[in-house]
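**Student:** If you scroll down you'll find the structure; I have some questions about it.
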Amino acid sequence: MPMADIHPQLLNDCQVLGRFPLCHLLLMLDANYPWFILVPDRENISELYQLSNEDQEQVIKESSLLAKSLMDIFKGDKMNIAALGNIVPQCHVHHVVRYKTDPAWPAPIWGKYPAKAYLKDEIESVREKLNKSDLISFKSI
């Protein structure tokens with residue numbers, strides 16, 4: 001299968017942390033929430049249903065592993081998972097750890113508050129937490 005470049009808007013809004021067998025793992029640069037994005041490494045795919053059956057199953061496996069790990073690491077109250085992409089046409093799946101105390105709770109996070117920048121050491125701390133977790137198939141870059 002051809003490998004895909006990550007859409008420029010995602011690269012602008014996120015830090016690439018690593019990858020799973022199929023998906024790139026990105027951290028959204030908004031420290032208001034632990035917010036991660038999986039991007040399947042396939043060309044010309046805008047919707048999950050466009051992936052092969054095997055790739056669809058792999059995205060679900062990677063998403064489930066990521067979601068469980070994020071809840072274990074960040075001790076959230078709720079995990080929000082969404083395949084939204086009205087601006088970025090490339091298929092990508094958001095994983096947001098939510099807390100009853102987060103600024104947007106219980107509303108959706110999109111457009112609610114301005115992004116809060118991460119400090120460089122905070123991004124490295126997130127990367128270290130992921131590396132120490134049970135994300136066995138995740139490779140940090």
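As shown in the structure tokens, the chain order sets the letters A, B, ...; within each chain, residues go from 1, and ligands are also counted from 1 in the order they appear.
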Which parts of chain A does DSSP call helix (DSSP H, G or I) when run on the backbone here, written out as a PyMOL selection string?
**Tutor:** chain A and resi 8-13+48-50+53-74+120-132
**Student:** As a PyMOL selection string, please: the residues near stretch 45-56 of chain A (cut-off 8 Å, only C-alpha atoms, same-chain neighbours under 2 positions excluded).
**Tutor:** chain A and resi 22+42-43+58-60+89-92
**Student:** Show me, as a ChimeraX atom specification, the residues that have an atom within 8 Å of stretch 65-81 of chain A when counting only C-alpha atoms, minus same-chain residues fewer than 6 positions from it.
**Tutor:** /A:34,93-100,129-130,133-135
**Student:** Next, the residues of the selection above should be written as an mmCIF file, in the first residue's frame with N, CA and C atoms.
**Tutor:**
```cif
data_model
loop_
_atom_site.group_PDB
_atom_site.id
_atom_site.type_symbol
_atom_site.label_atom_id
_atom_site.label_comp_id
_atom_site.auth_asym_id
_atom_site.auth_seq_id
_atom_site.Cartn_x
_atom_site.Cartn_y
_atom_site.Cartn_z
ATOM 1 N N PRO A 34 -5.747 16.290 27.213
ATOM 2 C CA PRO A 34 -4.911 15.270 26.579
ATOM 3 C C PRO A 34 -5.620 14.845 25.280
ATOM 4 N N VAL A 93 -8.521 10.256 13.371
ATOM 5 C CA VAL A 93 -9.434 9.942 14.458
ATOM 6 C C VAL A 93 -8.919 10.601 15.740
ATOM 7 N N HIS A 94 -9.743 11.493 16.298
ATOM 8 C CA HIS A 94 -9.411 12.211 17.526
ATOM 9 C C HIS A 94 -9.681 11.328 18.744
ATOM 10 N N HIS A 95 -8.789 11.401 19.727
ATOM 11 C CA HIS A 95 -8.940 10.722 21.016
ATOM 12 C C HIS A 95 -8.686 11.780 22.088
ATOM 13 N N VAL A 96 -9.716 12.153 22.815
ATOM 14 C CA VAL A 96 -9.601 13.230 23.796
ATOM 15 C C VAL A 96 -10.002 12.697 25.172
ATOM 16 N N VAL A 97 -9.069 12.794 26.108
ATOM 17 C CA VAL A 97 -9.367 12.445 27.492
ATOM 18 C C VAL A 97 -10.109 13.631 28.104
ATOM 19 N N ARG A 98 -11.289 13.364 28.648
ATOM 20 C CA ARG A 98 -12.102 14.425 29.236
ATOM 21 C C ARG A 98 -12.189 14.260 30.743
ATOM 22 N N TYR A 99 -12.277 15.413 31.408
ATOM 23 C CA TYR A 99 -12.429 15.469 32.856
ATOM 24 C C TYR A 99 -13.651 16.323 33.169
ATOM 25 N N LYS A 100 -14.325 15.986 34.233
ATOM 26 C CA LYS A 100 -15.455 16.810 34.665
ATOM 27 C C LYS A 100 -14.990 18.207 35.044
ATOM 28 N N LYS A 129 5.444 9.365 29.112
ATOM 29 C CA LYS A 129 4.323 8.608 29.685
ATOM 30 C C LYS A 129 3.846 7.545 28.704
ATOM 31 N N LEU A 130 3.760 7.895 27.432
ATOM 32 C CA LEU A 130 3.339 6.922 26.416
ATOM 33 C C LEU A 130 4.370 5.810 26.278
ATOM 34 N N SER A 133 4.077 3.258 28.979
ATOM 35 C CA SER A 133 2.784 2.578 29.083
ATOM 36 C C SER A 133 2.840 1.229 28.372
ATOM 37 N N ASP A 134 1.692 0.600 28.297
ATOM 38 C CA ASP A 134 1.580 -0.698 27.644
ATOM 39 C C ASP A 134 1.299 -0.594 26.145
ATOM 40 N N LEU A 135 1.627 0.533 25.539
ATOM 41 C CA LEU A 135 1.409 0.692 24.093
ATOM 42 C C LEU A 135 2.502 -0.075 23.353
#
```
**Student:** From the set A:Met28, A:Ala83, A:Ile141, A:Cys23, which residue has the shortest atom-to-atom contact distance to A:Leu10, counting only C-alpha atoms?
**Tutor:**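 Ranked by minimum distance to A:Leu10, first place goes to A:Met28.
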**Student:** When distances are computed from only C-alpha atoms, which of A:Trp105, A:Ala115, A:Glu57, A:Asn12 shows the smallest separation from A:Trp35?
**Tutor:**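 With only C-alpha atoms as the atom set, the closest residue is A:Ala115.
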**Student:** Have a look at atom CA of A:Asp30 and atom CA of A:Lys116 and let me know their distance in Å, one decimal.
**Tutor:**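 Between these atoms lies a distance of 4.9 Å.
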